[in-house]
Structures are given as C-alpha cells and as structure tokens.
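K.L.:
After the structure tokens below, expect a handful of questions from me.
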Amino acid sequence: MAFYWFFAIKKVKKVIDKFDYFHSLDRLSLAEELDKRAKPGQIIRCFVQVNISNEESKSGLSKEEVLPFIEQLGEFPAIEVVGLMTMAPFYDDPELTRPIFRGLRELQEVVAAKQLTHAPCLELSMGMSNDYRVAIEEGATFIRLGTALVGKEF
C-alpha cells in the first residue's frame with residue numbers, strides 16, 4: 001500500500017521519510033522545502049494539485065498555471081512530478097464530476113506529451129468516496145477513499 005501526504009511546509013522536516021507520494025504540491029516554496037529536506041539521492045514523487053473546477057474554497061493551481069509551474073520544478077533535483085491531482089466539488093449526483101475529471105485527464109496528457117525528465121506525469125489522483133467510480137472511468141490511477149472505508153462518523 002502506498003502512503004501519501006497532504007501537508008504544510010512546517011511539517012516537511014517531520015514527515016519527509018514517512019510517505020511514498022506527496023499529493024498536494026502547489027507552490028514553489030513547498031517544492032524548495034521538499035528538495036532541501038530530501039536525503040542525497042532521494043526522489044520525492046509528487047502530484048501537482050490543480051483546482052480544475054476553479055472553486056474558491058479549493059486550493060491548487062489554475063489550469064493555466066500548471067505547465068509553467070511544472071517546468072519550474074525542473075530546478076529541484078529531488079522532485080519528480082508523477083501526476084496531477086484534484087478535489088472535485090461534492091455533488092449528490094457523481095456524474096456531475098465527470099467534466100472536472102476529464103479536464104484534469106486532458107491536462108495530464110498535455111504535460112505528459114512534453115516528456116519532461118523530471119515530470120513524466122503519468123498518474124491521476126482524483127475521486128473520493130462519493131465519485132470514485134466516475135473518476136476511474138475518466139482515468140484515475142489513485143483514488144482517495146475515506147468515508148467509504150471508515151464511515152462519516154470517524
């Protein structure tokens with residue numbers, strides 16, 4: 001089982017060796033801290049967080065910011081962009097998330113086509129307990145289940 005982490009800069013030092021994937025890279029200051037704290041030769045596999053739905057309540061880069069950001073990440077030898085991630089809005093009808101997931105997949109394909117050494121970008125982390133089936137249909141390779149596993153009360 002792969003472990004991943006969402007966290008702030010101040011926690012990098014404490015958890016740098018505790019995860020397999022970092023799922024919320026969305027700013028250069030965080031990339032700098034990850035790169036600085038990595039052990040010599042360590043590669044930190046990251047997902048760039050994208051706010052593909054442009055929700056004000058969600059964090060992440062806009063669609064237009066993604067490629068320039070990923071190109072800048074080439075300056076950090078410990079960072080490898082394995083894919084993109086997003087958090088779709090919660091809808092009672094999961095089918096409403098399909099355009100969001102499709103948009104992230106299309107963006108991932110653009111990044112992957114660049115064939116950047118530091119950013120193969122072959123993975124998609126999208127979909128949660130309520131909409132993971134649609135996310136998988138749209139190409140998700142990582143899903144984040146919580147409620148479906150432990151219930152709403154946890």
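Letters A, B, ... mark the chains of the structure tokens in the order given; residue numbers begin at 1 per chain; ligand numbers begin at 1, in order shown.
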Using backbone DSSP assignments, extract all strand (DSSP E) residues from range 62-153 of chain A; output them as a list of chain:residue names.

P.N.:
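After running DSSP on the backbone, range 62-153 of chain A has strand (DSSP E) at A:Ile79, A:Glu80, A:Val81, A:Val82, A:Gly83, A:Leu84, A:Met85, A:Glu123, A:Leu124, A:Ser125, A:Met126, A:Gly127, A:Met128, A:Phe142, A:Ile143, A:Arg144.
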
K.L.:
Export, as a short mmCIF file (atom, residue, chain, number, x, y, z; two decimals), in the first residue's frame, the selected residues with N, CA and C atoms.

P.N.:
```cif
data_model
loop_
_atom_site.label_atom_id
_atom_site.label_comp_id
_atom_site.auth_asym_id
_atom_site.auth_seq_id
_atom_site.Cartn_x
_atom_site.Cartn_y
_atom_site.Cartn_z
N ILE A 79 12.62 16.44 -6.79
CA ILE A 79 11.19 16.43 -7.11
C ILE A 79 10.94 15.73 -8.45
N GLU A 80 10.04 14.75 -8.42
CA GLU A 80 9.56 14.11 -9.64
C GLU A 80 8.04 14.25 -9.67
N VAL A 81 7.54 14.86 -10.71
CA VAL A 81 6.09 15.02 -10.86
C VAL A 81 5.54 13.76 -11.52
N VAL A 82 4.88 12.93 -10.71
CA VAL A 82 4.35 11.68 -11.24
C VAL A 82 2.95 11.87 -11.82
N GLY A 83 2.28 12.96 -11.43
CA GLY A 83 0.94 13.17 -11.94
C GLY A 83 0.29 14.42 -11.41
N LEU A 84 -0.99 14.52 -11.69
CA LEU A 84 -1.82 15.65 -11.25
C LEU A 84 -2.89 15.14 -10.31
N MET A 85 -3.35 16.00 -9.41
CA MET A 85 -4.45 15.63 -8.51
C MET A 85 -5.42 16.80 -8.42
N GLU A 123 0.26 9.73 -13.87
CA GLU A 123 -0.76 9.35 -12.90
C GLU A 123 -1.81 10.45 -12.72
N LEU A 124 -2.98 10.04 -12.26
CA LEU A 124 -4.07 10.97 -11.93
C LEU A 124 -4.65 10.58 -10.57
N SER A 125 -4.60 11.50 -9.64
CA SER A 125 -5.19 11.28 -8.31
C SER A 125 -6.45 12.12 -8.25
N MET A 126 -7.57 11.44 -8.35
CA MET A 126 -8.85 12.15 -8.34
C MET A 126 -9.94 11.15 -7.98
N GLY A 127 -10.96 11.65 -7.34
CA GLY A 127 -12.06 10.81 -6.92
C GLY A 127 -11.99 10.47 -5.45
N MET A 128 -13.14 10.61 -4.81
CA MET A 128 -13.26 10.30 -3.39
C MET A 128 -14.43 9.33 -3.23
N PHE A 142 -5.13 6.83 -8.95
CA PHE A 142 -5.16 6.91 -7.49
C PHE A 142 -6.51 7.49 -7.10
N ILE A 143 -7.16 6.89 -6.12
CA ILE A 143 -8.39 7.45 -5.57
C ILE A 143 -8.20 7.60 -4.07
N ARG A 144 -8.98 8.48 -3.48
CA ARG A 144 -8.85 8.75 -2.05
C ARG A 144 -10.18 8.41 -1.38
#
```

K.L.:
When you look at Glu109 in chain A with a cut-off of 12 Å (counting only C-alpha atoms), what residues show up, excluding the ones that are within fewer than 5 positions of it in the same chain? I need them as an mmCIF file with N, CA and C atoms, in the first residue's frame.

P.N.:
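Resulting contents of result08.cif:
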```
data_model
loop_
_atom_site.group_PDB
_atom_site.id
_atom_site.type_symbol
_atom_site.label_atom_id
_atom_site.label_comp_id
_atom_site.auth_asym_id
_atom_site.auth_seq_id
_atom_site.Cartn_x
_atom_site.Cartn_y
_atom_site.Cartn_z
ATOM 1 N N LEU A 67 1.443 24.107 -16.364
ATOM 2 C CA LEU A 67 2.629 23.802 -17.170
ATOM 3 C C LEU A 67 3.822 24.691 -16.798
ATOM 4 N N GLY A 83 2.281 12.957 -11.433
ATOM 5 C CA GLY A 83 0.942 13.166 -11.945
ATOM 6 C C GLY A 83 0.289 14.422 -11.415
ATOM 7 N N LEU A 84 -0.992 14.524 -11.692
ATOM 8 C CA LEU A 84 -1.821 15.652 -11.252
ATOM 9 C C LEU A 84 -2.891 15.135 -10.307
ATOM 10 N N ARG A 102 -12.440 14.746 -16.448
ATOM 11 C CA ARG A 102 -11.996 14.709 -17.849
ATOM 12 C C ARG A 102 -11.021 15.860 -18.120
ATOM 13 N N GLY A 103 -11.328 17.030 -17.584
ATOM 14 C CA GLY A 103 -10.445 18.180 -17.770
ATOM 15 C C GLY A 103 -9.065 17.951 -17.179
ATOM 16 N N LEU A 104 -9.008 17.319 -16.014
ATOM 17 C CA LEU A 104 -7.706 17.025 -15.409
ATOM 18 C C LEU A 104 -6.951 15.996 -16.250
ATOM 19 N N LYS A 114 4.890 16.561 -23.116
ATOM 20 C CA LYS A 114 6.109 17.380 -23.082
ATOM 21 C C LYS A 114 7.354 16.529 -22.817
ATOM 22 N N GLN A 115 7.157 15.344 -22.263
ATOM 23 C CA GLN A 115 8.235 14.394 -21.972
ATOM 24 C C GLN A 115 9.370 15.037 -21.165
ATOM 25 N N ALA A 119 9.252 15.204 -14.932
ATOM 26 C CA ALA A 119 7.791 15.198 -14.825
ATOM 27 C C ALA A 119 7.158 14.257 -15.847
ATOM 28 N N PRO A 120 7.291 12.936 -15.635
ATOM 29 C CA PRO A 120 6.628 12.019 -16.555
ATOM 30 C C PRO A 120 5.110 12.193 -16.538
ATOM 31 N N CYS A 121 4.562 12.544 -15.404
ATOM 32 C CA CYS A 121 3.141 12.897 -15.244
ATOM 33 C C CYS A 121 2.209 11.856 -15.873
ATOM 34 N N LEU A 122 2.335 10.621 -15.417
ATOM 35 C CA LEU A 122 1.520 9.533 -15.951
ATOM 36 C C LEU A 122 0.341 9.159 -15.063
ATOM 37 N N GLU A 123 0.264 9.733 -13.868
ATOM 38 C CA GLU A 123 -0.764 9.351 -12.898
ATOM 39 C C GLU A 123 -1.810 10.453 -12.722
ATOM 40 N N LEU A 124 -2.978 10.038 -12.264
ATOM 41 C CA LEU A 124 -4.072 10.966 -11.927
ATOM 42 C C LEU A 124 -4.646 10.577 -10.572
ATOM 43 N N GLY A 139 -10.046 7.962 -15.902
ATOM 44 C CA GLY A 139 -8.611 7.739 -15.941
ATOM 45 C C GLY A 139 -7.867 7.792 -14.622
#
```

K.L.:
For Asp92 in chain A, find every residue with an atom within 12 Å (counting only C-alpha atoms), except residues of its own chain fewer than 4 positions away, and show them as a list in words.

P.N.:
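After dropping sequence-adjacent residues, the list is Leu96, Thr97, Ser129, Asn130 and Asp131 of chain A.
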
K.L.:
Mind pulling up the distance from CA of Val110 in chain A to CA of Leu61 in chain A?

P.N.:
15.5 Å

K.L.:
Could you tell me how far CA of Leu28 in chain A lies from CA of Val111 in chain A, in Å and to one decimal?

P.N.:
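These atoms are spaced 17.8 Å apart.
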